[in-house]
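Chemist: First the structure, then my questions, so here it is.
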Amino acid sequence: MAAGTRDRILDTALSQFVARGIDGVTVTDLEHGAGLAAGSGSFYRHFRSKDDVLSAVVDREIDRAASRRSAEPVGGSLEDHYAWALDNLHRMRALIALLVKDGARLPHLDRVQTVLAEGGTRIDAVDLADRMARGEIPVRDADAVAAVVLFAVVGHHLAERFFGGTLGVDRERFAAALASLVSS
């Protein structure tokens, strides 16, 4: 039961931090959202403070994203890879929204950058270099191409999530166009 309570606190914390910002959420809000009696001390059996919960939320979401990335199918087409990357960003939407809303206040921001952004770009650069070595795509600076791809994929996700549209280009068409650009 204790793990379930901890997970409920983390789930409600993430959703409330995204909806109202870190400063807009109290420990009492977290207790109520997790189904705990306010002031009962149940919250403090799992976390020392709201900041402790925030740290645990960020760590959990980074770990989830890294785990999903390690489970990505290997050897598929670039189009499939970029479609997968867009889907993965969609699954990370709560963490991304929290980064947009309160990014400078987040603990482990360096880990977000190292594990998610730099780690993902490094993996993509290795994949692109392998594809170049096999002659599948033209030889270029794989690190730079991977960075451009990351920014394009994140930009599409942000346009979709925060602006309500992507200029009429859905994920499938975007992934196909990006793959075509990288491979030509």
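In the structure tokens, the first chain shown is A, the next is B, and so on; residue numbers restart at 1 for each chain, and ligands run from 1 in the order shown.
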Applying 9 Å and only C-alpha atoms, which residues near Thr5 (chain A) remain after dropping the ones on its own chain fewer than 5 positions away? List them as an NGL selection string.

Modeler: :A and (10 or 34-36 or 42-43 or 46)

Chemist: Quick one: residues within 10 Å of region 164-181 of chain A, only C-alpha atoms, excluding same-chain residues fewer than 4 positions away - as a PyMOL selection string?

Modeler: chain A and resi 77-87+137+149+152-153+155-160

Chemist: Let's see if you can do this: from backbone DSSP, list all helix (DSSP H, G or I) residues in region 137-167 of chain A, as a PyMOL selection string.

Modeler: chain A and resi 142-162

Chemist: Selected residues, C-alpha atoms, written as a short mmCIF file (atom, residue, chain, number, x, y, z; two decimals), in the first residue's frame, please.

Modeler:
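What follows is the written file out-v3.cif:
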data_model
loop_
_atom_site.label_atom_id
_atom_site.label_comp_id
_atom_site.auth_asym_id
_atom_site.auth_seq_id
_atom_site.Cartn_x
_atom_site.Cartn_y
_atom_site.Cartn_z
CA ALA A 142 26.04 13.36 -37.71
CA ASP A 143 26.16 15.33 -34.46
CA ALA A 144 24.86 18.50 -36.13
CA VAL A 145 22.16 16.63 -38.08
CA ALA A 146 21.02 14.91 -34.85
CA ALA A 147 20.77 18.30 -33.12
CA VAL A 148 18.76 19.76 -36.02
CA VAL A 149 16.44 16.75 -35.92
CA LEU A 150 15.97 17.09 -32.14
CA PHE A 151 15.05 20.74 -32.49
CA ALA A 152 12.65 20.00 -35.36
CA VAL A 153 10.91 17.18 -33.47
CA VAL A 154 10.64 19.21 -30.26
CA GLY A 155 9.39 22.20 -32.27
CA HIS A 156 6.67 20.11 -33.90
CA HIS A 157 5.64 18.74 -30.52
CA LEU A 158 5.51 22.20 -28.95
CA ALA A 159 3.50 23.59 -31.86
CA GLU A 160 1.06 20.71 -31.55
CA ARG A 161 0.82 20.93 -27.77
CA PHE A 162 0.94 24.63 -27.03
#

Chemist: Compile the contact shell of region 97-109 of chain A as a PyMOL selection string: residues with an atom at most 12 Å away, counting only C-alpha atoms, same-chain residues fewer than 6 positions apart removed.

Modeler: chain A and resi 13-24+50-63+89-91+115-117+157-158+161-162

Chemist: Would you output that residue set with N, CA and C atoms, as a tab-separated table (two decimals), in the first residue's frame?

Modeler:
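What follows is the written file part-v5.tsv:
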chain	number	residue	atom	x	y	z
A	13	ALA	N	0.86	15.27	-7.74
A	13	ALA	CA	1.81	16.39	-7.75
A	13	ALA	C	2.12	16.82	-9.18
A	14	LEU	N	2.39	15.85	-10.05
A	14	LEU	CA	2.70	16.20	-11.43
A	14	LEU	C	1.54	16.94	-12.08
A	15	SER	N	0.35	16.40	-11.95
A	15	SER	CA	-0.80	17.04	-12.60
A	15	SER	C	-1.09	18.42	-11.99
A	16	GLN	N	-0.96	18.55	-10.67
A	16	GLN	CA	-1.23	19.85	-10.06
A	16	GLN	C	-0.13	20.87	-10.34
A	17	PHE	N	1.12	20.43	-10.35
A	17	PHE	CA	2.21	21.36	-10.68
A	17	PHE	C	2.05	21.87	-12.11
A	18	VAL	N	1.65	21.00	-13.02
A	18	VAL	CA	1.44	21.41	-14.41
A	18	VAL	C	0.26	22.37	-14.50
A	19	ALA	N	-0.82	22.07	-13.81
A	19	ALA	CA	-2.03	22.89	-13.92
A	19	ALA	C	-1.89	24.24	-13.22
A	20	ARG	N	-1.22	24.26	-12.06
A	20	ARG	CA	-1.23	25.49	-11.25
A	20	ARG	C	0.14	26.06	-10.95
A	21	GLY	N	1.19	25.41	-11.41
A	21	GLY	CA	2.53	25.87	-11.10
A	21	GLY	C	2.95	25.40	-9.73
A	22	ILE	N	4.24	25.35	-9.51
A	22	ILE	CA	4.78	24.85	-8.25
A	22	ILE	C	4.28	25.68	-7.08
A	23	ASP	N	4.33	27.00	-7.22
A	23	ASP	CA	3.92	27.87	-6.12
A	23	ASP	C	2.43	27.82	-5.84
A	24	GLY	N	1.65	27.39	-6.82
A	24	GLY	CA	0.20	27.34	-6.65
A	24	GLY	C	-0.32	26.09	-5.97
A	50	LYS	N	7.24	19.62	-0.04
A	50	LYS	CA	6.77	19.77	-1.43
A	50	LYS	C	7.95	19.72	-2.39
A	51	ASP	N	9.07	20.33	-2.01
A	51	ASP	CA	10.26	20.29	-2.87
A	51	ASP	C	10.78	18.86	-3.04
A	52	ASP	N	10.67	18.06	-2.00
A	52	ASP	CA	11.07	16.66	-2.07
A	52	ASP	C	10.19	15.91	-3.08
A	53	VAL	N	8.89	16.20	-3.07
A	53	VAL	CA	7.97	15.60	-4.04
A	53	VAL	C	8.33	16.05	-5.45
A	54	LEU	N	8.58	17.33	-5.62
A	54	LEU	CA	8.94	17.86	-6.93
A	54	LEU	C	10.18	17.15	-7.47
A	55	SER	N	11.17	16.98	-6.63
A	55	SER	CA	12.39	16.29	-7.04
A	55	SER	C	12.08	14.85	-7.47
A	56	ALA	N	11.25	14.17	-6.70
A	56	ALA	CA	10.88	12.79	-7.02
A	56	ALA	C	10.07	12.71	-8.31
A	57	VAL	N	9.20	13.69	-8.54
A	57	VAL	CA	8.41	13.73	-9.77
A	57	VAL	C	9.33	13.88	-10.97
A	58	VAL	N	10.24	14.81	-10.92
A	58	VAL	CA	11.15	15.05	-12.05
A	58	VAL	C	12.01	13.81	-12.30
A	59	ASP	N	12.56	13.23	-11.23
A	59	ASP	CA	13.36	12.01	-11.39
A	59	ASP	C	12.55	10.89	-12.03
A	60	ARG	N	11.32	10.69	-11.56
A	60	ARG	CA	10.49	9.61	-12.10
A	60	ARG	C	10.21	9.83	-13.58
A	61	GLU	N	9.89	11.05	-13.97
A	61	GLU	CA	9.56	11.32	-15.37
A	61	GLU	C	10.79	11.18	-16.26
A	62	ILE	N	11.96	11.59	-15.77
A	62	ILE	CA	13.20	11.39	-16.55
A	62	ILE	C	13.46	9.90	-16.72
A	63	ASP	N	13.32	9.15	-15.64
A	63	ASP	CA	13.54	7.70	-15.70
A	63	ASP	C	12.56	7.02	-16.65
A	89	LEU	N	7.65	12.10	-27.20
A	89	LEU	CA	7.47	13.45	-26.67
A	89	LEU	C	6.03	13.65	-26.18
A	90	HIS	N	5.09	13.08	-26.90
A	90	HIS	CA	3.69	13.17	-26.47
A	90	HIS	C	3.53	12.51	-25.09
A	91	ARG	N	4.17	11.38	-24.89
A	91	ARG	CA	4.08	10.70	-23.60
A	91	ARG	C	4.78	11.50	-22.50
A	115	VAL	N	20.35	13.66	-19.69
A	115	VAL	CA	19.73	12.36	-20.01
A	115	VAL	C	18.82	12.47	-21.23
A	116	LEU	N	17.96	13.47	-21.24
A	116	LEU	CA	16.96	13.53	-22.31
A	116	LEU	C	17.47	14.21	-23.57
A	117	ALA	N	17.94	15.43	-23.46
A	117	ALA	CA	18.34	16.16	-24.67
A	117	ALA	C	19.67	15.66	-25.22
A	157	HIS	N	6.39	19.10	-31.72
A	157	HIS	CA	5.64	18.74	-30.52
A	157	HIS	C	5.11	19.98	-29.81
A	158	LEU	N	5.95	20.99	-29.64
A	158	LEU	CA	5.51	22.20	-28.95
A	158	LEU	C	4.41	22.92	-29.73
A	161	ARG	N	1.28	20.90	-29.16
A	161	ARG	CA	0.82	20.93	-27.77
A	161	ARG	C	0.38	22.32	-27.32
A	162	PHE	N	1.18	23.32	-27.61
A	162	PHE	CA	0.94	24.63	-27.03
A	162	PHE	C	0.29	25.63	-27.95

Chemist: Find the distance between CA of Val74 (chain A) and CA of Arg122 (chain A) and write it in Å to one decimal.

Modeler: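 Interatomic distance here is 15.0 Å.
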
Chemist: Grab the CA of Ala129 (chain A) to CA of Glu72 (chain A) distance for me, in Å with one decimal place.

Modeler: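 CA of Ala129 (chain A) sits 17.8 Å away from CA of Glu72 (chain A).
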
Chemist: Just the residues within 8 Å of region 130-136 of chain A, please, counting only C-alpha atoms, with nothing from its chain fewer than 4 positions along; format it as a ChimeraX atom specification.

Modeler: /A:126,140,183

Chemist: Which one is closest to Gly119 (chain A): A:Ala38, A:Arg69, A:Val139, A:Gly76? Count only C-alpha atoms.

Modeler: A:Arg69

Chemist: Measuring atom to atom with only C-alpha atoms, identify which of A:Glu118, A:Met92, A:Leu128, A:Ala37 is nearest to Arg68 (chain A).

Modeler: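 Comparing A:Glu118, A:Met92, A:Leu128, A:Ala37 against Arg68 (chain A), the winner is A:Met92.
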
Chemist: CA of Val112 (chain A) and CA of Pro73 (chain A), how far apart in Å?

Modeler: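 Interatomic distance here is 22.6 Å.
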